[in-house]
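S.K.: My file is target-v9.txt. It has compact mmCIF, C-alpha atoms:
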# COMPACT_ATOMS: atom_id res chain seq x y z
CA MET A 1458 5.31 13.23 -0.23
CA GLU A 1459 5.88 9.55 0.53
CA ALA A 1460 2.94 7.55 1.82
CA ILE A 1461 3.16 6.66 5.49
CA THR A 1462 3.55 2.92 5.89
CA PRO A 1463 2.79 0.98 9.08
CA PHE A 1464 5.67 -1.33 8.14
CA SER A 1465 8.59 1.11 8.33
CA GLN A 1466 11.88 -0.39 9.50
CA GLU A 1467 11.51 1.40 12.82
CA ASP A 1468 8.04 -0.10 13.35
CA LEU A 1469 9.32 -3.59 12.49
CA ASN A 1470 12.27 -3.20 14.85
CA GLU A 1471 9.89 -2.34 17.69
CA ILE A 1472 7.76 -5.40 16.97
CA PHE A 1473 10.73 -7.75 16.54
CA LYS A 1474 12.78 -6.50 19.48
CA ILE A 1475 15.19 -9.42 20.04
CA SER A 1476 16.16 -10.49 23.54
CA PRO A 1477 19.87 -9.76 24.25
CA SER A 1478 20.18 -13.13 26.00
CA ASP A 1479 18.15 -15.27 23.56
CA SER A 1480 18.22 -14.53 19.82
CA GLU A 1481 15.17 -16.79 19.32
CA ARG A 1482 12.87 -14.71 21.51
CA VAL A 1483 11.38 -11.21 21.29
CA ILE A 1484 11.00 -9.05 24.37
CA SER A 1485 8.18 -7.01 22.84
CA ARG A 1486 4.92 -7.50 24.69
CA GLU A 1487 1.34 -7.77 23.52
CA SER A 1488 -0.29 -4.42 24.06
CA SER A 1489 -3.11 -2.13 22.98
CA SER A 1490 -1.57 -2.16 19.50
CA LEU A 1491 0.16 -5.56 19.23
CA GLU A 1492 -1.05 -9.18 19.22
CA PHE A 1493 1.03 -12.33 18.60
CA LYS A 1494 -0.26 -15.53 17.01
CA GLU A 1495 1.86 -18.68 16.81
CA SER A 1496 0.30 -19.83 13.53
CA PHE A 1497 -2.27 -18.87 10.90
CA GLY A 1498 -5.40 -20.83 10.00
CA TRP A 1499 -8.88 -20.01 8.73
CA ALA A 1500 -10.51 -21.86 11.65
CA SER A 1501 -9.40 -18.95 13.86
CA LEU A 1502 -10.78 -16.27 11.53
CA PRO A 1503 -13.43 -15.04 14.04
CA LYS A 1504 -10.65 -14.36 16.57
CA TYR A 1505 -8.66 -12.41 13.99
CA LEU A 1506 -11.75 -10.41 13.04
CA LYS A 1507 -12.55 -9.61 16.68
CA THR A 1508 -8.99 -8.40 17.32
CA SER A 1509 -9.09 -6.38 14.10
CA ALA A 1510 -12.32 -4.61 15.11
CA ALA A 1511 -10.88 -3.93 18.57
CA PHE A 1512 -7.79 -2.31 16.99
CA ALA A 1513 -9.95 -0.28 14.59
CA ASN A 1514 -11.98 1.13 17.48
CA ALA A 1515 -8.81 2.01 19.40
CA LYS A 1516 -5.65 3.41 17.77
CA GLY A 1517 -4.98 0.65 15.22
CA GLY A 1518 -2.56 -2.23 15.67
CA TYR A 1519 -0.67 -5.26 14.41
CA ILE A 1520 -1.49 -8.98 14.42
CA VAL A 1521 1.79 -10.86 13.97
CA PHE A 1522 1.64 -14.50 12.90
CA GLY A 1523 4.61 -16.75 13.72
CA ILE A 1524 5.48 -15.65 17.28
CA GLY A 1525 4.65 -17.92 20.19
CA ASN A 1526 2.77 -16.93 23.32
CA LYS A 1527 4.69 -16.86 26.63
CA PRO A 1528 7.54 -16.96 25.85
CA HIS A 1529 7.35 -15.02 22.59
CA ARG A 1530 9.57 -17.29 20.53
CA LEU A 1531 10.43 -16.55 16.90
CA GLY A 1532 8.97 -19.68 15.37
CA GLY A 1533 7.91 -18.19 12.05
CA LEU A 1534 5.30 -19.61 9.69
CA SER A 1535 6.07 -22.75 7.74
CA GLY A 1536 4.37 -25.58 5.88
CA THR A 1537 0.59 -25.34 5.64
CA HIS A 1538 0.38 -22.25 7.88
CA LEU A 1539 2.76 -20.29 5.63
CA LYS A 1540 0.98 -21.39 2.45
CA LEU A 1541 -2.42 -20.40 3.87
CA PHE A 1542 -1.12 -16.95 4.77
CA GLU A 1543 0.60 -16.42 1.41
CA ASP A 1544 -2.55 -17.57 -0.40
CA ILE A 1545 -4.77 -14.96 1.28
CA ASP A 1546 -6.97 -13.37 -1.37
CA PRO A 1547 -7.23 -9.65 -0.44
CA GLU A 1548 -10.70 -9.37 -1.96
CA LYS A 1549 -11.90 -12.40 -0.02
CA MET A 1550 -10.39 -11.05 3.19
CA SER A 1551 -12.11 -7.70 2.65
CA SER A 1552 -15.38 -9.59 2.15
CA HIS A 1553 -14.94 -11.27 5.54
CA PHE A 1554 -14.45 -7.87 7.20
CA ASN A 1555 -17.41 -6.30 5.41
CA GLU A 1556 -19.65 -9.30 6.10
CA HIS A 1557 -19.13 -9.06 9.85
CA PHE A 1558 -18.49 -5.37 10.57
CA ALA A 1559 -19.62 -1.87 9.63
CA PRO A 1560 -18.34 0.70 8.91
CA GLU A 1561 -15.50 -0.68 6.79
CA ILE A 1562 -12.25 -1.82 8.43
CA GLU A 1563 -9.12 -0.67 6.62
CA TRP A 1564 -6.20 -3.10 6.71
CA THR A 1565 -2.75 -3.79 5.21
CA ILE A 1566 -0.90 -7.09 4.85
CA GLN A 1567 2.84 -7.82 4.89
CA GLU A 1568 5.22 -10.78 4.88
CA TYR A 1569 8.49 -10.30 6.78
CA GLU A 1570 11.58 -12.49 6.72
CA LEU A 1571 13.92 -12.37 9.73
CA GLN A 1572 16.73 -14.74 10.68
CA GLY A 1573 15.69 -17.08 7.88
CA LYS A 1574 12.12 -17.33 9.19
CA VAL A 1575 8.95 -15.91 7.65
CA PHE A 1576 6.34 -13.97 9.63
CA GLY A 1577 2.94 -12.70 8.55
CA LEU A 1578 1.71 -9.29 9.63
CA LEU A 1579 -1.75 -7.78 9.43
CA TYR A 1580 -2.04 -4.07 10.26
CA ILE A 1581 -5.45 -2.66 11.13
CA HIS A 1582 -5.79 1.09 10.70
CA GLU A 1583 -7.65 3.20 13.22
CA ALA A 1584 -11.20 3.62 11.97
CA LYS A 1585 -12.09 7.03 10.61
CA ASP A 1586 -15.75 6.50 11.47
CA LYS A 1587 -16.15 4.94 14.92
CA PRO A 1588 -17.54 2.83 16.40
CA VAL A 1589 -17.07 -0.23 14.20
CA VAL A 1590 -19.97 -2.56 15.09
CA CYS A 1591 -20.35 -6.31 14.62
CA THR A 1592 -23.19 -7.02 12.17
CA LYS A 1593 -23.16 -10.84 12.14
CA ASP A 1594 -22.51 -13.68 14.61
CA ALA A 1595 -19.48 -15.93 14.07
CA GLY A 1596 -18.84 -18.84 16.45
CA LYS A 1597 -18.30 -17.90 20.08
CA GLU A 1598 -16.19 -14.86 19.27
CA LEU A 1599 -18.49 -12.49 17.39
CA LYS A 1600 -21.95 -11.41 18.44
CA GLU A 1601 -24.19 -9.14 16.40
CA SER A 1602 -24.39 -5.55 17.73
CA ASP A 1603 -21.27 -5.96 19.88
CA ILE A 1604 -18.53 -3.32 19.80
CA TYR A 1605 -15.00 -4.50 20.53
CA TYR A 1606 -12.09 -2.48 21.92
CA ARG A 1607 -8.41 -3.16 22.59
CA TYR A 1608 -7.36 -3.12 26.26
CA ARG A 1609 -3.61 -3.71 26.93
CA GLY A 1610 -3.21 -7.06 25.21
CA ARG A 1611 -6.89 -8.05 25.29
CA SER A 1612 -9.73 -7.62 22.79
CA GLU A 1613 -13.04 -7.28 24.66
CA ARG A 1614 -16.50 -5.78 24.46
CA ILE A 1615 -16.13 -2.06 24.87
CA LYS A 1616 -16.66 -0.56 28.30
CA TYR A 1617 -18.70 2.56 28.98
CA PRO A 1618 -15.80 5.08 29.36
CA GLU A 1619 -14.26 4.16 25.99
CA LEU A 1620 -17.66 4.07 24.21
CA ARG A 1621 -18.56 7.46 25.64
CA ALA A 1622 -15.21 8.89 24.47
CA ILE A 1623 -15.82 7.55 20.93
CA LEU A 1624 -19.35 8.98 20.81
CA GLU A 1625 -18.17 12.36 22.14
CA ALA A 1626 -15.40 12.51 19.52
CA LYS A 1627 -17.91 11.60 16.81
CA ARG A 1628 -20.31 14.32 17.97
CA GLU A 1629 -17.53 16.93 18.00
CA SER A 1630 -16.39 15.90 14.51
CA GLU A 1631 -19.92 16.22 13.14
CA GLN A 1632 -20.28 19.63 14.78
CA ARG A 1633 -17.11 20.82 13.04
CA LEU A 1634 -18.42 19.58 9.69
CA TRP A 1635 -21.75 21.33 10.21
CA MET A 1636 -19.96 24.58 11.05
CA GLN A 1637 -17.86 24.31 7.88
CA HIS A 1638 -21.02 23.79 5.81
CA PHE A 1639 -22.79 26.74 7.47
CA GLU A 1640 -19.79 28.99 6.80
CA ASN A 1641 -19.79 28.01 3.10
CA ILE A 1642 -23.56 28.57 2.84
CA ALA A 1643 -23.24 31.96 4.52
CA ARG A 1644 -20.51 32.95 2.07
CA ILE A 1645 -22.58 31.94 -0.96
CA GLY A 1646 -25.91 33.13 0.35
CA VAL A 1647 -28.66 30.87 1.58
CA ARG A 1648 -30.84 31.43 -1.52
CA ASP A 1649 -28.00 30.68 -3.93
CA ALA A 1650 -26.61 27.61 -2.17
CA GLY A 1651 -27.47 24.08 -3.20
CA ILE A 1652 -26.51 20.57 -2.23
CA PHE A 1653 -24.69 18.40 -4.73
CA ASP A 1654 -24.89 14.67 -3.91
CA LEU A 1655 -21.66 13.28 -5.38
CA HIS A 1656 -23.02 9.73 -5.24
CA THR A 1657 -26.35 10.22 -7.02
CA GLY A 1658 -25.63 13.34 -9.09
CA SER A 1659 -28.71 15.17 -7.74
CA VAL A 1660 -28.52 18.90 -6.99
CA THR A 1661 -31.16 20.49 -4.75
CA GLY A 1662 -31.67 24.08 -3.66
CA SER A 1663 -34.25 26.79 -3.03
CA GLY A 1664 -35.02 26.99 -6.76
CA GLY A 1665 -35.86 23.31 -7.06
CA SER A 1666 -33.74 20.33 -8.00
CA PHE A 1667 -32.19 18.66 -11.01
CA LEU A 1668 -30.22 15.53 -11.80
CA ILE A 1669 -26.84 15.40 -13.49
CA ASP A 1670 -26.59 12.37 -15.76
CA GLU A 1671 -24.37 9.69 -14.24
CA SER A 1672 -22.33 9.52 -17.44
CA LEU A 1673 -21.34 13.18 -16.99
CA LEU A 1674 -20.19 12.96 -13.38
CA SER A 1675 -16.71 11.74 -14.29
CA GLN A 1676 -16.41 14.41 -17.02
CA LEU A 1677 -17.29 17.48 -14.95
CA SER A 1678 -14.57 20.03 -14.34
CA PHE A 1679 -14.70 22.56 -11.50
CA ILE A 1680 -13.59 26.20 -11.53
CA LYS A 1681 -12.92 28.46 -8.62
CA GLU A 1682 -15.13 31.45 -7.88
CA GLY A 1683 -14.20 34.35 -10.18
CA GLU A 1684 -12.65 32.12 -12.85
CA PHE A 1685 -14.13 30.61 -15.99
CA SER A 1686 -13.67 27.67 -18.34
CA GLU A 1687 -12.20 28.41 -21.77
CA VAL A 1688 -12.94 24.95 -23.17
CA LYS A 1689 -15.94 25.34 -25.44
CA GLY A 1690 -18.79 22.98 -24.77
CA LYS A 1691 -17.27 21.40 -21.65
CA PRO A 1692 -19.76 21.21 -18.75
CA THR A 1693 -18.64 23.35 -15.82
CA LEU A 1694 -19.88 23.85 -12.27
CA LYS A 1695 -18.96 26.77 -10.06
CA LEU A 1696 -17.50 25.50 -6.75
CA ILE A 1697 -17.06 27.67 -3.68
CA GLY A 1698 -14.17 26.35 -1.64
CA HIS A 1699 -10.83 24.68 -2.18
CA VAL A 1700 -10.32 22.04 -4.88
CA GLU A 1701 -7.20 19.95 -5.36
CA PRO A 1702 -6.55 17.80 -8.44
CA ILE A 1703 -5.94 14.08 -8.02
CA ALA A 1704 -4.10 11.86 -10.45
CA GLY A 1705 -5.90 9.00 -12.15
CA SER A 1706 -9.51 7.97 -12.05
CA ILE A 1707 -11.60 7.73 -8.93
CA VAL A 1708 -12.31 4.21 -7.73
CA ALA A 1709 -14.30 2.95 -4.80
CA THR A 1710 -11.58 0.78 -3.27
CA SER A 1711 -7.97 -0.06 -4.06
CA LYS A 1712 -6.75 -3.61 -4.36
CA LYS A 1713 -4.62 -4.76 -1.46
CA GLN A 1714 -1.05 -5.67 -2.31
CA PHE A 1715 0.85 -8.48 -0.62
CA VAL A 1716 4.27 -7.00 0.18
CA LYS A 1717 7.26 -9.14 1.14
CA THR A 1718 10.34 -7.71 2.87
CA LYS A 1719 13.50 -9.11 4.40
CA GLY A 1720 14.61 -8.02 7.83
CA ILE A 1721 18.14 -6.70 8.34
CA ARG A 1722 19.66 -6.77 11.82
CA THR A 1723 23.10 -6.55 13.44
CA ALA A 1724 24.06 -10.12 12.55
CA ASP A 1725 23.07 -9.61 8.89
CA ILE A 1726 25.16 -6.42 8.68
CA VAL A 1727 28.24 -7.97 10.31
CA LEU A 1728 28.22 -11.34 8.56
CA SER A 1729 27.41 -9.91 5.11
CA ALA A 1730 30.44 -7.62 5.39
CA LEU A 1731 32.76 -10.32 6.75
CA ASN A 1732 31.61 -12.77 4.06
CA GLN A 1733 31.84 -10.01 1.43
CA GLU A 1734 28.41 -10.94 0.10
CA ASN A 1735 26.84 -9.27 -2.92
CA VAL A 1736 23.78 -7.98 -1.06
CA PRO A 1737 20.91 -6.75 -3.27
CA GLU A 1738 20.42 -3.31 -1.66
CA PRO A 1739 23.61 -2.20 0.13
CA LEU A 1740 22.16 1.19 1.10
CA GLU A 1741 19.42 -0.52 3.14
CA TYR A 1742 22.09 -2.20 5.27
CA ILE A 1743 23.62 1.20 5.98
CA LYS A 1744 20.25 2.74 6.84
CA GLN A 1745 19.47 -0.13 9.20
CA ILE A 1746 22.47 0.75 11.36
CA CYS A 1747 20.51 3.89 12.33
CA PHE A 1748 18.03 1.64 14.14
CA GLU A 1749 20.52 -0.66 15.88
CA SER A 1750 21.94 -0.15 19.38
CA THR A 1751 25.41 0.86 18.16
CA ALA A 1752 26.95 2.86 15.32
CA PHE A 1753 30.09 0.71 15.41
CA LEU A 1754 29.14 -1.78 12.72
CA PRO A 1755 30.74 -2.29 9.28
CA VAL A 1756 29.57 0.42 6.89
CA TYR A 1757 32.28 1.08 4.30
CA TYR A 1758 31.83 -2.31 2.63
CA PHE A 1759 28.21 -1.40 1.89
CA ILE A 1760 29.12 2.12 0.75
CA LYS A 1761 31.57 0.58 -1.73
CA LYS A 1762 28.98 -1.94 -2.93
CA SER A 1763 26.34 0.77 -3.38
CA GLY A 1764 28.69 2.82 -5.56
CA ALA A 1765 28.00 5.93 -3.47
CA THR A 1766 30.49 8.30 -1.88
CA GLN A 1767 30.70 9.02 1.84
CA ASP A 1768 29.09 12.43 1.27
CA LYS A 1769 26.13 10.94 -0.62
CA THR A 1770 25.75 8.28 2.07
CA VAL A 1771 25.65 10.94 4.80
CA LYS A 1772 22.93 12.83 2.90
CA ALA A 1773 20.91 9.61 2.59
CA LEU A 1774 21.28 8.95 6.33
CA GLU A 1775 20.17 12.50 7.16
CA ARG A 1776 16.82 11.69 5.50
CA VAL A 1777 16.31 8.57 7.64
CA LEU A 1778 13.69 9.03 10.37
CA SER A 1779 14.88 7.35 13.56
CA ARG A 1780 14.41 8.13 17.25
CA SER A 1781 17.67 6.33 18.06
CA THR A 1782 20.82 8.32 18.82
CA THR A 1783 22.71 5.79 16.69
CA ARG A 1784 21.83 7.68 13.50
CA GLY A 1785 23.63 10.84 14.66
CA LYS A 1786 26.65 8.86 15.85
CA LEU A 1787 26.92 7.04 12.53
CA ILE A 1788 26.74 10.30 10.58
CA GLU A 1789 29.42 11.84 12.82
CA ARG A 1790 31.59 8.74 12.37
CA LEU A 1791 31.40 9.07 8.59
CA LYS A 1792 31.94 12.83 8.58
CA SER A 1793 34.97 12.69 10.89
CA GLY A 1794 36.67 9.87 8.97
CA LYS A 1795 38.09 8.51 12.22
CA THR A 1796 39.01 4.84 12.25
CA GLN A 1797 39.09 2.17 14.93
CA GLU A 1798 42.81 1.57 14.48
CA LEU A 1799 44.44 1.40 17.94
CA PRO A 1800 48.27 1.22 17.90
CA ILE A 1801 49.76 -1.08 20.53
CA PRO A 1802 51.86 0.82 23.12
CA ASN A 1803 55.58 0.03 23.41
CA GLY A 1804 55.50 -0.37 27.18
CA SER A 1805 56.28 -3.54 29.09
CA THR A 1806 52.92 -3.85 30.83
CA PHE A 1807 51.20 -7.22 30.87
CA ALA A 1808 48.45 -6.01 28.52
CA ALA A 1809 50.88 -4.49 26.00
CA THR A 1810 52.96 -7.65 26.01
CA LYS A 1811 49.87 -9.79 25.38
CA LYS A 1812 48.73 -7.60 22.50
CA ARG A 1813 52.18 -7.71 20.83
CA LYS A 1814 52.18 -11.48 21.19
CA TYR A 1815 48.83 -11.78 19.43
CA SER A 1816 49.93 -9.32 16.75
CA GLU A 1817 52.74 -11.68 15.81
CA LEU A 1818 50.43 -14.70 15.87
CA LEU A 1819 47.99 -12.86 13.60
CA ARG A 1820 50.73 -11.98 11.12
CA SER A 1821 51.79 -15.62 10.95
CA ASN A 1822 48.20 -16.95 10.86
CA LYS A 1823 48.64 -18.94 14.07
CA VAL A 1824 45.79 -17.61 16.20
CA SER A 1825 43.40 -20.25 17.57
CA ALA A 1826 39.71 -19.81 16.81
CA GLY A 1827 39.01 -21.25 20.28
CA LEU A 1828 40.09 -18.11 22.16
CA ALA A 1829 37.70 -16.80 24.80
CA GLY A 1830 37.52 -14.43 27.75
CA LYS A 1831 40.45 -12.11 28.43
CA GLU A 1832 42.66 -13.78 25.84
CA LEU A 1833 40.08 -13.06 23.14
CA ASN A 1834 39.86 -9.43 24.26
CA TYR A 1835 43.66 -9.06 23.93
CA CYS A 1836 43.57 -10.61 20.46
CA LEU A 1837 40.73 -8.35 19.30
CA GLN A 1838 42.67 -5.29 20.46
CA ALA A 1839 45.74 -6.68 18.66
CA ILE A 1840 43.72 -6.77 15.41
CA ARG A 1841 43.13 -3.04 15.82
CA GLY A 1842 46.88 -2.64 16.25
CA LEU A 1843 47.65 -4.10 12.81
CA ALA A 1844 48.32 -1.67 9.97
CA ALA A 1845 45.86 -1.46 7.08
CA ASP A 1846 48.30 -3.27 4.75
CA GLU A 1847 48.66 -6.09 7.27
CA ILE A 1848 44.88 -6.44 7.46
CA LYS A 1849 44.70 -6.60 3.67
CA SER A 1850 47.42 -9.25 3.36
CA ASN A 1851 45.73 -11.45 6.01
CA SER A 1852 42.15 -10.47 5.18
CA LYS A 1853 40.65 -13.91 4.63
CA VAL A 1854 42.06 -15.47 7.81
CA ILE A 1855 41.18 -12.49 10.01
CA ARG A 1856 37.64 -12.27 8.61
CA GLU A 1857 37.10 -15.99 9.24
CA LEU A 1858 38.28 -15.64 12.84
CA LEU A 1859 36.02 -12.64 13.46
CA LYS A 1860 33.07 -14.46 11.92
CA LYS A 1861 33.57 -17.49 14.21
CA TRP A 1862 33.99 -15.34 17.30
CA PHE A 1863 30.97 -13.21 16.45
CA ASN A 1864 28.73 -16.25 15.91
CA LYS A 1865 29.94 -17.95 19.07
CA HIS A 1866 30.20 -15.09 21.55
CA TYR A 1867 28.39 -11.91 20.49
CA ALA A 1868 24.82 -12.79 21.50
CA SER A 1869 25.87 -13.54 25.11
CA ALA A 1870 28.97 -11.34 25.35
CA GLY A 1871 29.41 -8.83 28.15
CA GLY A 1872 29.92 -5.15 27.41
CA GLN A 1873 33.70 -5.19 27.01
CA LEU A 1874 33.89 -8.24 24.76
CA ALA A 1875 30.95 -7.08 22.60
CA ASP A 1876 32.56 -3.67 22.18
CA ASN A 1877 35.95 -5.15 21.29
CA LEU A 1878 34.32 -7.44 18.74
CA ARG A 1879 32.45 -4.58 17.07
CA ARG A 1880 35.44 -2.25 16.95
CA ALA A 1881 37.79 -4.93 15.60
CA ILE A 1882 35.25 -5.72 12.88
CA CYS A 1883 34.93 -1.99 12.12
CA TRP A 1884 38.70 -1.60 11.77
CA VAL A 1885 38.90 -4.52 9.35
CA ASP A 1886 36.03 -2.97 7.37
CA GLU A 1887 37.80 0.41 7.35
CA ALA A 1888 41.18 -1.03 6.39
CA LEU A 1889 39.72 -3.03 3.48
CA ASN A 1890 37.15 -0.58 2.09
CA MET A 1891 37.45 2.98 3.38
CA GLY A 1892 39.96 4.15 0.77
CA GLU A 1893 37.57 3.19 -2.04
CA CYS A 1894 34.63 5.20 -0.68
CA GLU A 1895 36.00 8.75 -0.74
Please, can you express the file's structure as structure tokens?
M.R.:
Amino acid sequence: MEAITPFSQEDLNEIFKISPSDSERVISRESSSLEFKESFGWASLPKYLKTSAAFANAKGGYIVFGIGNKPHRLGGLSGTHLKLFEDIDPEKMSSHFNEHFAPEIEWTIQEYELQGKVFGLLYIHEAKDKPVVCTKDAGKELKESDIYYRYRGRSERIKYPELRAILEAKRESEQRLWMQHFENIARIGVRDAGIFDLHTGSVTGSGGSFLIDESLLSQLSFIKEGEFSEVKGKPTLKLIGHVEPIAGSIVATSKKQFVKTKGIRTADIVLSALNQENVPEPLEYIKQICFESTAFLPVYYFIKKSGATQDKTVKALERVLSRSTTRGKLIERLKSGKTQELPIPNGSTFAATKKRKYSELLRSNKVSAGLAGKELNYCLQAIRGLAADEIKSNSKVIRELLKKWFNKHYASAGGQLADNLRRAICWVDEALNMGECE
């Protein structure tokens, strides 16, 4: 089973939800699980620690460095701020947490590149043992014995209702553990049961106590009740209960890894296909479509680059976890094999006449890149009216036109123009690549 990561593509998309009217701004809001910071610097460490403790005592959350506050502009980290973030020593950061809070705060770090800008992310996991309490003062932010909690975009001292809920949950959890222990003791028999301290190696019971040498603790093997060890001379303890093997040696803590990822969004998918770029992981571009607002984005170029077939691609998409309906629509689009080709009617209507006019201009490479409004809509529909061979013979010119129109108009385009742009791009993608992906 794959480990659950707080930095799945769906999570990142929710954090970096781009405004439809301003590509440099996110419409995501600070909340009980999200905090934005414009920059990163060690002088603000107490604030980061306070927010982290507040997240740990709530449901966990993200601190994102590189996004401005009101409006939430995508500034990214650069210069000294970026270097400071990239130079974070995980062991040193853990020391800061442990120096100021107990129990331990679990955290994960990530660097994310989007639209050519770099953002730092710190994810704080929900504490398994609450409440997390401040153990040392730090500036004006941290006070010894304080407990912090996250309240809809604010990190504050915990209020009575939330503290009571934490203490009640803790009491109930301890009661469940006690009941499990009592059930095990009852099964074994109170006179035969003992307590094995895994940390010290001491075993105590009604018959007295003894100490297992520390050097033997890592060598002990356990057998289930009713079974026996066949390895001569190997120390064995009888264990009542369920034991599962784990791979590797047991260590107290694992070293944090600094992971760097690159964001893929609609513009990356469209422009990479139109530019015919050799992207490093084509399948990731296909998967990302599942999280976008539309399934009508170029896909066959990336299938061809990945070396997969349409069937294998569909199977890969079926394993993608996404709440968006786009995933299902993309799978259906691939399964059906339908294209966005739209033959131009032979009638004498104004629209048909316009489309035929632009078809001829496209064939002769005489279309102006300055088209806009209704004229651009007619031209985009005319592209869908060209045969696959005509697209192939004029591929470079048509792709350049689509790239210019996408860059200039898509971010602010109304529904009709945006849809015509996407479908024209899809037809070009289908005409150029679909036959090589079967």
S.K.: As an exercise, work out the distance from atom CA of A:Thr1766 to atom CA of A:Lys1792 in Å and give it to one decimal place.
M.R.: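 Those two atoms sit 11.5 Å apart.
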S.K.: Using all atoms listed in the file, determine which residues lie at most 10 Å from A:Asp1649, disregarding the query and same-chain residues fewer than 6 positions distant; provide the list as a PDB file with C-alpha atoms, in the coordinates of the input.
M.R.:
ATOM      1  CA  ILE A1642     -23.560  28.570   2.840  1.00  0.00           C
ATOM      2  CA  ALA A1643     -23.240  31.960   4.520  1.00  0.00           C
ATOM      3  CA  GLY A1662     -31.670  24.080  -3.660  1.00  0.00           C
ATOM      4  CA  SER A1663     -34.250  26.790  -3.030  1.00  0.00           C
ATOM      5  CA  GLY A1664     -35.020  26.990  -6.760  1.00  0.00           C
TER       6      GLY A1664
END
S.K.: Could you pull the residues within 7 Å of A:Ser1489, counting all atoms listed in the file, minus those fewer than 6 positions along the same chain, as a PyMOL selection string?
M.R.: chain A and resi 1607-1610
S.K.: Kindly list the centre and edge lengths in Å, rounded to one decimal, for the axis-aligned box that covers all listed atoms of stretch 1582-1591 of chain A plus 6 Å on each of its six sides, as AutoDock Vina command-line options.
M.R.:
--center_x -13.1 --center_y 0.4 --center_z 13.5 --size_x 26.6 --size_y 25.3 --size_z 17.8
S.K.: Any idea what the distance is between atom CA of A:Val1756 and atom CA of A:Ile1721?
M.R.: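 These atoms are spaced 13.5 Å apart.
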S.K.: Do you know which residues are at most 10 Å from stretch 1500-1502 of chain A counting all atoms listed in the file, after dropping those on the same chain fewer than 2 positions away, and could you put them as number ranges by chain?
M.R.: A: 1496-1498, 1504-1508, 1550, 1553, 1595-1596, 1598
S.K.: I need the residue nearest A:Leu1539 from this list: A:Lys1527, A:Lys1593, A:His1638, A:Lys1574. Use only C-alpha atoms for the distance.
M.R.: A:Lys1574
